[in-house]
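Since the structure comes first, as structure tokens, the remarks are kept for the end.
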Amino acid sequence: MKTISRPVKKSKVKRFDFVKKPYYFSPMRHIAYLAAKFVLRGGDVRIRRVGMEGLKPPYFILANHASVYDMATSMLVNYPHRTYNVVALDGLYDFTEPLMRSIGTIAKRKFIKDFMLLKNMKYVVTRCKDAILMMYPEAKYSLQGATSYLPPTLGKLAKFLGVPVVSCHLSGCYVNAPQWHKIYNKRPKIEAVITQTCTAEDVKNLSEEELQKKIVDNFVYDDFKWQKENNVIIDVPYRAQGLNRILYKCPHCGTAHRMEGEGIRLTCKACGKVWEMTPLGELKALEGETEFSHIPDWFDWEKADVERRVREGSYRFEDEVRVKTMPNAKHMYRHPNGRLIHDNSGFRFIGHVYDEDVDLFFDSKIQDGVHIEYPIKNNDYTDSVILYTQEESYYLMPVNARDVITEISLATDAIYALRNEKK
């Protein structure tokens, strides 16, 4: 799809139809399976099932989300059953609405209350008896390849759907195709572990809180740890390319946004310290102390620093942003540059959209996460913060600030927790 640059009036923009019932053209499951096999060709994909004996659809799968390999692996896991996937509208834009609807996609915008989504999910488990409903509950890619924020409403959702709950742990997807560079290892080693977390009796008899605990306790993963324990060698010459997008702060000198990941090395441009990323996904300093050999530990150190600044009230981001909007799955519209401000109160976007001045506020008390996108080579956008309303997706791309969207994501989580007094 191409971005449209010409001015357009808001009244002329066609909105996506979220009311439309999910549709699955039955033979597409075979085509989707073959497509997944093609994407993962040359790789080693192993599937292990735990407590799944005798379980037949409908049931509800919750999977971790960290890579473009997730969807292809899931198709192999669930075949030959039809699988209805909850997918962000961005995914339909990338692969076209007709194609994505034909394989059972249920579209949504992220981090907003969506009653039509709940209605369509219930429709799948009650009316499509031979189908599986699948969802990525983290709602965004795991930036560091390990467990991230899970919404506290999963137990309530399980109770509402009234079908068994299954966890799908995908290991190897992240380390073979991480979000921070999106350059893929063409021969991935991947392991999928499928576990029945909550039986039909559990869903019927346990409380929402008890179901929530069972789901959360069974949703723990760390892809770099898995890589080391399973001796998965990824000896590609670009494995640290773009690593600065998540490891943006130097633990040696404390300078932020001056890191550079190139080839197999991560370098601080402020103090000159260099780390090398090994084929087992570990970091080793070329000189002096290796502060963090495990990438998620470095990430957690950055996270703790952001949380401290949020608690102190010193966190704030402001920059000019390039602006695009995506009202439907067919078109993206380019608009004049605007301004994005983020602090403990929430996000504020000031701009000129669809030939109208806008001043939008997104309250941090209800903003329990934010979707960010790192750029794809030759794509028409750079590092992006995406904010959603019921009718619109706002792609906001910082113009002057560098490697800030990971910090913005961490701050959003920390501010929401602070304002709602949650861990």
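A note on labels: chains of the structure tokens are A, B, ... as shown, every chain counts residues from 1, and ligands are counted from 1 in their shown order.
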Margin query: I'd like the neighbourhood of range 50-60 of chain A as a ChimeraX atom specification, where a residue qualifies if any of its atoms comes within 7 Å (using only C-alpha atoms), though same-chain residues fewer than 4 positions away should be ignored.
Written below: /A:125,129-134,163-166,194-196
Keeping only N, CA and C atoms, write those residues as a compact mmCIF listing (two decimals), in the first residue's frame.
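Result went into again21.txt, see below:
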# COMPACT_ATOMS: atom_id res chain seq x y z
N VAL A 125 -15.85 -18.51 19.30
CA VAL A 125 -15.85 -19.69 20.17
C VAL A 125 -17.24 -20.30 20.34
N LYS A 129 -17.45 -23.85 15.82
CA LYS A 129 -17.11 -24.91 16.76
C LYS A 129 -15.81 -25.64 16.43
N ASP A 130 -15.39 -25.63 15.16
CA ASP A 130 -14.19 -26.37 14.79
C ASP A 130 -12.96 -25.48 14.75
N ALA A 131 -13.04 -24.29 15.33
CA ALA A 131 -11.97 -23.31 15.17
C ALA A 131 -11.28 -23.00 16.50
N ILE A 132 -10.06 -22.47 16.36
CA ILE A 132 -9.25 -22.02 17.49
C ILE A 132 -9.21 -20.49 17.46
N LEU A 133 -9.31 -19.88 18.63
CA LEU A 133 -9.15 -18.43 18.75
C LEU A 133 -7.78 -18.15 19.34
N MET A 134 -7.00 -17.30 18.67
CA MET A 134 -5.62 -17.05 19.11
C MET A 134 -5.38 -15.56 19.31
N VAL A 163 -14.20 -21.12 27.29
CA VAL A 163 -13.58 -22.29 26.67
C VAL A 163 -12.19 -22.51 27.28
N PRO A 164 -11.61 -23.72 27.14
CA PRO A 164 -10.28 -23.96 27.69
C PRO A 164 -9.25 -22.95 27.19
N VAL A 165 -8.27 -22.68 28.04
CA VAL A 165 -7.20 -21.74 27.70
C VAL A 165 -5.90 -22.51 27.50
N VAL A 166 -5.20 -22.19 26.42
CA VAL A 166 -3.95 -22.86 26.06
C VAL A 166 -2.86 -21.81 25.92
N ILE A 194 3.14 -26.12 23.49
CA ILE A 194 1.70 -25.87 23.58
C ILE A 194 1.18 -26.57 24.84
N THR A 195 0.63 -25.79 25.78
CA THR A 195 0.21 -26.32 27.08
C THR A 195 -1.22 -25.91 27.40
N GLN A 196 -2.04 -26.87 27.81
CA GLN A 196 -3.38 -26.53 28.28
C GLN A 196 -3.25 -25.94 29.68
Next item on the list: Would you mind listing what lies within 9 Å of Leu266 in chain A as a list of chain:residue names, with only C-alpha atoms counted and same-chain residues fewer than 2 positions away left out?
Entry: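 Neighbouring residues, sequence-local ones excluded: A:Ala240, A:Gln241, A:Gly242, A:Leu243, A:Asn244, A:Leu247, A:Met259, A:Glu260, A:Gly261, A:Glu262, A:Gly263, A:Ile264, A:Cys268, A:Lys273, A:Val274, A:Trp275, A:Glu276, A:Met277, A:Leu283.
Computed from the coordinates, the CA of Glu318 in chain A to CA of His252 in chain A distance equals 26.3 Å.
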Note to self: Nearest residue to Asn218 in chain A out of A:Leu150, A:Gln179, A:Val385, A:Leu280, using only C-alpha atoms?
What the structure shows: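 Closest to Asn218 in chain A, using only C-alpha atoms: A:Leu150.
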Check: So what do you get for CA of Ala35 in chain A versus CA of Cys128 in chain A, distance-wise?
Finding: 23.4 Å
Do you know which residues are at most 7 Å from Ala107 in chain A counting only C-alpha atoms, after dropping those on the same chain fewer than 6 positions away, and could you put them as a PDB file with N, CA and C atoms, in the first residue's frame?
ATOM      1  N   PHE A  18     -15.172  -2.488  11.833  1.00  0.00           N
ATOM      2  CA  PHE A  18     -14.865  -3.461  12.879  1.00  0.00           C
ATOM      3  C   PHE A  18     -16.076  -4.300  13.262  1.00  0.00           C
ATOM      4  N   VAL A  86      -6.430 -12.647  16.484  1.00  0.00           N
ATOM      5  CA  VAL A  86      -6.636 -11.229  16.766  1.00  0.00           C
ATOM      6  C   VAL A  86      -5.377 -10.497  16.305  1.00  0.00           C
ATOM      7  N   VAL A  87      -5.546  -9.587  15.346  1.00  0.00           N
ATOM      8  CA  VAL A  87      -4.411  -8.923  14.704  1.00  0.00           C
ATOM      9  C   VAL A  87      -4.645  -7.419  14.677  1.00  0.00           C
ATOM     10  N   ALA A  88      -3.577  -6.653  14.912  1.00  0.00           N
ATOM     11  CA  ALA A  88      -3.679  -5.200  14.807  1.00  0.00           C
ATOM     12  C   ALA A  88      -3.988  -4.811  13.367  1.00  0.00           C
ATOM     13  N   LEU A  89      -4.696  -3.708  13.209  1.00  0.00           N
ATOM     14  CA  LEU A  89      -5.088  -3.247  11.887  1.00  0.00           C
ATOM     15  C   LEU A  89      -3.871  -3.047  10.985  1.00  0.00           C
TER      16      LEU A  89
END
Notebook entry, point to check: What lies within 12 Å of Leu92 in chain A using only C-alpha atoms, ignoring chain neighbours under 3 positions off, as a PyMOL selection string?
Noted result: chain A and resi 1+16+85-89+95-109+326-331
Notebook entry, point to check: Separation of CA of Glu373 in chain A and CA of Pro178 in chain A, in Å?
Noted result: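 So the two atoms, CA of Glu373 in chain A and CA of Pro178 in chain A, lie 11.9 Å apart.
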Check: Closest to Asp44 in chain A among A:Met116, A:Ala192, A:Leu211, A:Leu206, using only C-alpha atoms?
Finding: A:Ala192
Notebook entry, point to check: Pick from A:Thr197, A:Thr126, A:Gln227, A:Ser314: nearest to Ile215 in chain A, with only C-alpha atoms counted?
Noted result: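 Comparing A:Thr197, A:Thr126, A:Gln227, A:Ser314 against Ile215 in chain A, the winner is A:Thr197.
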Next item on the list: Could you give me the residues within range 129-366 of chain A that DSSP places in alpha helix (DSSP H), as a ChimeraX atom specification?
Entry: /A:154-161,173-176,200-205,208-217,223-229,295-312
With N, CA and C atoms retained, export the selected residues as a compact mmCIF listing (two decimals), in the first residue's frame.
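Output contents, as saved in out23.txt:
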# COMPACT_ATOMS: atom_id res chain seq x y z
N LEU A 154 -7.02 -10.87 31.82
CA LEU A 154 -7.02 -12.13 31.05
C LEU A 154 -7.93 -13.17 31.71
N GLY A 155 -7.96 -13.21 33.04
CA GLY A 155 -8.85 -14.14 33.73
C GLY A 155 -10.31 -13.81 33.45
N LYS A 156 -10.62 -12.54 33.43
CA LYS A 156 -11.98 -12.10 33.12
C LYS A 156 -12.35 -12.45 31.69
N LEU A 157 -11.39 -12.29 30.76
CA LEU A 157 -11.62 -12.63 29.36
C LEU A 157 -11.85 -14.13 29.20
N ALA A 158 -11.04 -14.94 29.89
CA ALA A 158 -11.21 -16.39 29.82
C ALA A 158 -12.60 -16.80 30.31
N LYS A 159 -13.04 -16.18 31.39
CA LYS A 159 -14.36 -16.47 31.94
C LYS A 159 -15.45 -16.09 30.93
N PHE A 160 -15.26 -14.96 30.27
CA PHE A 160 -16.24 -14.47 29.29
C PHE A 160 -16.33 -15.42 28.09
N LEU A 161 -15.20 -15.92 27.62
CA LEU A 161 -15.20 -16.80 26.46
C LEU A 161 -15.72 -18.19 26.80
N CYS A 173 11.97 -17.59 17.90
CA CYS A 173 11.47 -16.62 16.92
C CYS A 173 12.18 -15.27 17.09
N TYR A 174 12.29 -14.83 18.34
CA TYR A 174 12.87 -13.51 18.60
C TYR A 174 14.34 -13.46 18.22
N VAL A 175 15.13 -14.42 18.70
CA VAL A 175 16.58 -14.33 18.47
C VAL A 175 16.93 -14.49 16.99
N ASN A 176 16.04 -15.13 16.22
CA ASN A 176 16.29 -15.29 14.79
C ASN A 176 15.76 -14.13 13.95
N ALA A 200 -11.58 -26.85 30.76
CA ALA A 200 -12.97 -26.38 30.73
C ALA A 200 -13.53 -26.28 32.14
N GLU A 201 -13.15 -27.24 33.00
CA GLU A 201 -13.61 -27.23 34.39
C GLU A 201 -13.02 -26.04 35.15
N ASP A 202 -11.74 -25.73 34.88
CA ASP A 202 -11.12 -24.57 35.51
C ASP A 202 -11.87 -23.29 35.15
N VAL A 203 -12.12 -23.12 33.86
CA VAL A 203 -12.79 -21.91 33.39
C VAL A 203 -14.18 -21.78 34.02
N LYS A 204 -14.84 -22.90 34.22
CA LYS A 204 -16.19 -22.89 34.79
C LYS A 204 -16.18 -22.64 36.29
N ASN A 205 -15.22 -23.25 36.99
CA ASN A 205 -15.28 -23.27 38.45
C ASN A 205 -14.36 -22.27 39.16
N GLU A 208 -12.13 -15.36 38.50
CA GLU A 208 -11.35 -14.61 37.52
C GLU A 208 -9.91 -14.42 38.01
N GLU A 209 -9.75 -14.16 39.30
CA GLU A 209 -8.42 -13.96 39.87
C GLU A 209 -7.59 -15.24 39.81
N GLU A 210 -8.21 -16.39 40.09
CA GLU A 210 -7.50 -17.66 40.03
C GLU A 210 -7.10 -18.00 38.59
N LEU A 211 -7.97 -17.72 37.65
CA LEU A 211 -7.64 -17.94 36.24
C LEU A 211 -6.50 -17.03 35.81
N GLN A 212 -6.55 -15.79 36.24
CA GLN A 212 -5.49 -14.83 35.91
C GLN A 212 -4.13 -15.34 36.39
N LYS A 213 -4.08 -15.84 37.62
CA LYS A 213 -2.83 -16.33 38.19
C LYS A 213 -2.30 -17.53 37.39
N LYS A 214 -3.18 -18.45 37.03
CA LYS A 214 -2.74 -19.61 36.27
C LYS A 214 -2.19 -19.20 34.91
N ILE A 215 -2.83 -18.25 34.28
CA ILE A 215 -2.37 -17.78 32.97
C ILE A 215 -1.02 -17.10 33.08
N VAL A 216 -0.88 -16.18 34.04
CA VAL A 216 0.36 -15.42 34.20
C VAL A 216 1.51 -16.34 34.60
N ASP A 217 1.26 -17.28 35.52
CA ASP A 217 2.30 -18.20 35.97
C ASP A 217 2.82 -19.08 34.84
N ASP A 223 13.96 -15.57 25.58
CA ASP A 223 14.49 -16.17 24.36
C ASP A 223 16.01 -16.28 24.38
N PHE A 224 16.71 -15.30 24.96
CA PHE A 224 18.17 -15.38 25.01
C PHE A 224 18.62 -16.49 25.95
N LYS A 225 17.90 -16.67 27.05
CA LYS A 225 18.21 -17.77 27.96
C LYS A 225 17.99 -19.11 27.27
N TRP A 226 16.88 -19.23 26.53
CA TRP A 226 16.58 -20.44 25.77
C TRP A 226 17.67 -20.70 24.74
N GLN A 227 18.13 -19.65 24.07
CA GLN A 227 19.17 -19.81 23.06
C GLN A 227 20.45 -20.39 23.66
N LYS A 228 20.85 -19.87 24.82
CA LYS A 228 22.08 -20.36 25.44
C LYS A 228 21.91 -21.78 25.95
N GLU A 229 20.78 -22.07 26.61
CA GLU A 229 20.55 -23.41 27.18
C GLU A 229 20.48 -24.48 26.09
N ILE A 295 21.36 -9.75 27.49
CA ILE A 295 20.70 -8.56 26.94
C ILE A 295 19.46 -8.14 27.74
N PRO A 296 18.56 -9.06 28.15
CA PRO A 296 17.41 -8.63 28.97
C PRO A 296 17.82 -7.97 30.29
N ASP A 297 18.99 -8.32 30.85
CA ASP A 297 19.44 -7.67 32.08
C ASP A 297 19.79 -6.21 31.83
N TRP A 298 20.46 -5.93 30.72
CA TRP A 298 20.76 -4.54 30.33
C TRP A 298 19.46 -3.78 30.14
N PHE A 299 18.51 -4.40 29.45
CA PHE A 299 17.21 -3.78 29.20
C PHE A 299 16.49 -3.49 30.52
N ASP A 300 16.54 -4.42 31.47
CA ASP A 300 15.88 -4.22 32.77
C ASP A 300 16.54 -3.08 33.55
N TRP A 301 17.85 -2.91 33.37
CA TRP A 301 18.56 -1.79 34.00
C TRP A 301 18.05 -0.46 33.45
N GLU A 302 17.85 -0.40 32.15
CA GLU A 302 17.28 0.81 31.54
C GLU A 302 15.85 1.03 32.05
N LYS A 303 15.11 -0.06 32.14
CA LYS A 303 13.72 0.02 32.61
C LYS A 303 13.67 0.59 34.03
N ALA A 304 14.54 0.12 34.90
CA ALA A 304 14.57 0.61 36.29
C ALA A 304 14.91 2.09 36.33
N ASP A 305 15.81 2.52 35.46
CA ASP A 305 16.17 3.94 35.40
C ASP A 305 14.97 4.79 34.97
N VAL A 306 14.22 4.32 33.98
CA VAL A 306 13.03 5.06 33.53
C VAL A 306 11.99 5.10 34.65
N GLU A 307 11.79 3.98 35.34
CA GLU A 307 10.81 3.93 36.43
C GLU A 307 11.19 4.92 37.53
N ARG A 308 12.49 5.02 37.82
CA ARG A 308 12.95 5.98 38.84
C ARG A 308 12.61 7.41 38.42
N ARG A 309 12.87 7.75 37.18
CA ARG A 309 12.60 9.11 36.70
C ARG A 309 11.09 9.40 36.68
N VAL A 310 10.31 8.38 36.38
CA VAL A 310 8.86 8.56 36.40
C VAL A 310 8.38 8.85 37.83
N ARG A 311 8.90 8.07 38.79
CA ARG A 311 8.50 8.28 40.19
C ARG A 311 8.93 9.66 40.68
N GLU A 312 10.10 10.11 40.24
CA GLU A 312 10.60 11.43 40.65
C GLU A 312 9.88 12.57 39.93
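For the residues A:Phe111, A:Phe219, A:Tyr248, A:Trp180, ranking by smallest atom-to-atom distance to Asp383 in chain A using only C-alpha atoms places A:Trp180 first.
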Next item on the list: Going by DSSP on the backbone, which bits of range 181-404 of chain A are strand (DSSP E)? Write them as a count of residues only, please.
Entry: 76
Could you give me, as a tab-separated table, a per-residue list for range 75-177 of chain A showing, wherever an atom lies at most 12 Å from an atom of range 404-412 of chain A, the closest pair of atoms and their distance in Å to one decimal, using only C-alpha atoms and sorting by chain then residue number from low to high?
residue	atom	partner	partner_atom	distance
A:Phe111	CA	A:Thr412	CA	11.5
A:Lys140	CA	A:Ser409	CA	10.2
A:Tyr141	CA	A:Ser409	CA	11.0
A:Ser142	CA	A:Thr406	CA	10.9
A:Leu143	CA	A:Thr406	CA	7.9
A:Gln144	CA	A:Thr406	CA	10.1
A:Ser148	CA	A:Leu410	CA	10.3
A:Tyr149	CA	A:Leu410	CA	10.3
Checklist line | For Asp70 in chain A: contacts at 10 Å, only C-alpha atoms, fewer than 6 positions along chain excluded, given as number ranges by chain | finding: A: 63-64, 136, 169-174, 177, 190, 192
Item checked: Long-range neighbours of Asn120 in chain A as a PyMOL selection string, 9 Å cut-off, only C-alpha atoms, 6 positions minimum in chain -> chain A and resi 19-22+106
Mind writing the picked residues with C-alpha atoms as a CSV table (one decimal), in the first residue's frame?
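Dumped to again06.csv:
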chain,number,residue,atom,x,y,z
A,19,VAL,CA,-18.5,-4.6,13.1
A,20,LYS,CA,-18.1,-7.1,10.2
A,21,LYS,CA,-18.1,-10.7,11.4
A,22,PRO,CA,-14.9,-12.7,11.2
A,106,ILE,CA,-10.1,-10.3,13.7
Next item on the list: Name the closest residue to Gly346 in chain A among the candidates A:Lys284, A:Ser393, A:Ala414, A:Thr382; distances are taken between atoms, counting only C-alpha atoms.
Entry: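 Smallest separation from Gly346 in chain A among the options: A:Ala414.
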Next item on the list: Identify which of the residues A:Ile246, A:Ile372, A:Ala285, A:Val193 lies closest to Met397 in chain A, counting only C-alpha atoms when measuring atom-to-atom distances.
Entry: A:Ile372
Item checked: Selection near His342 in chain A, 6 Å with only C-alpha atoms, sequence-local residues under 5 positions removed, as a PyMOL selection string -> chain A and resi 316-317+347
Using N, CA and C atoms, can you write the selected residues to a file as a PDB file, in the first residue's frame?
ATOM      1  N   ARG A 316      10.362  13.315  30.860  1.00  0.00           N
ATOM      2  CA  ARG A 316       9.600  14.103  29.885  1.00  0.00           C
ATOM      3  C   ARG A 316      10.222  13.949  28.511  1.00  0.00           C
ATOM      4  N   PHE A 317       9.378  13.823  27.494  1.00  0.00           N
ATOM      5  CA  PHE A 317       9.835  13.776  26.105  1.00  0.00           C
ATOM      6  C   PHE A 317       9.039  14.795  25.295  1.00  0.00           C
ATOM      7  N   PHE A 347       0.142  11.361  26.821  1.00  0.00           N
ATOM      8  CA  PHE A 347       0.624  11.839  25.529  1.00  0.00           C
ATOM      9  C   PHE A 347      -0.218  13.039  25.084  1.00  0.00           C
TER      10      PHE A 347
END
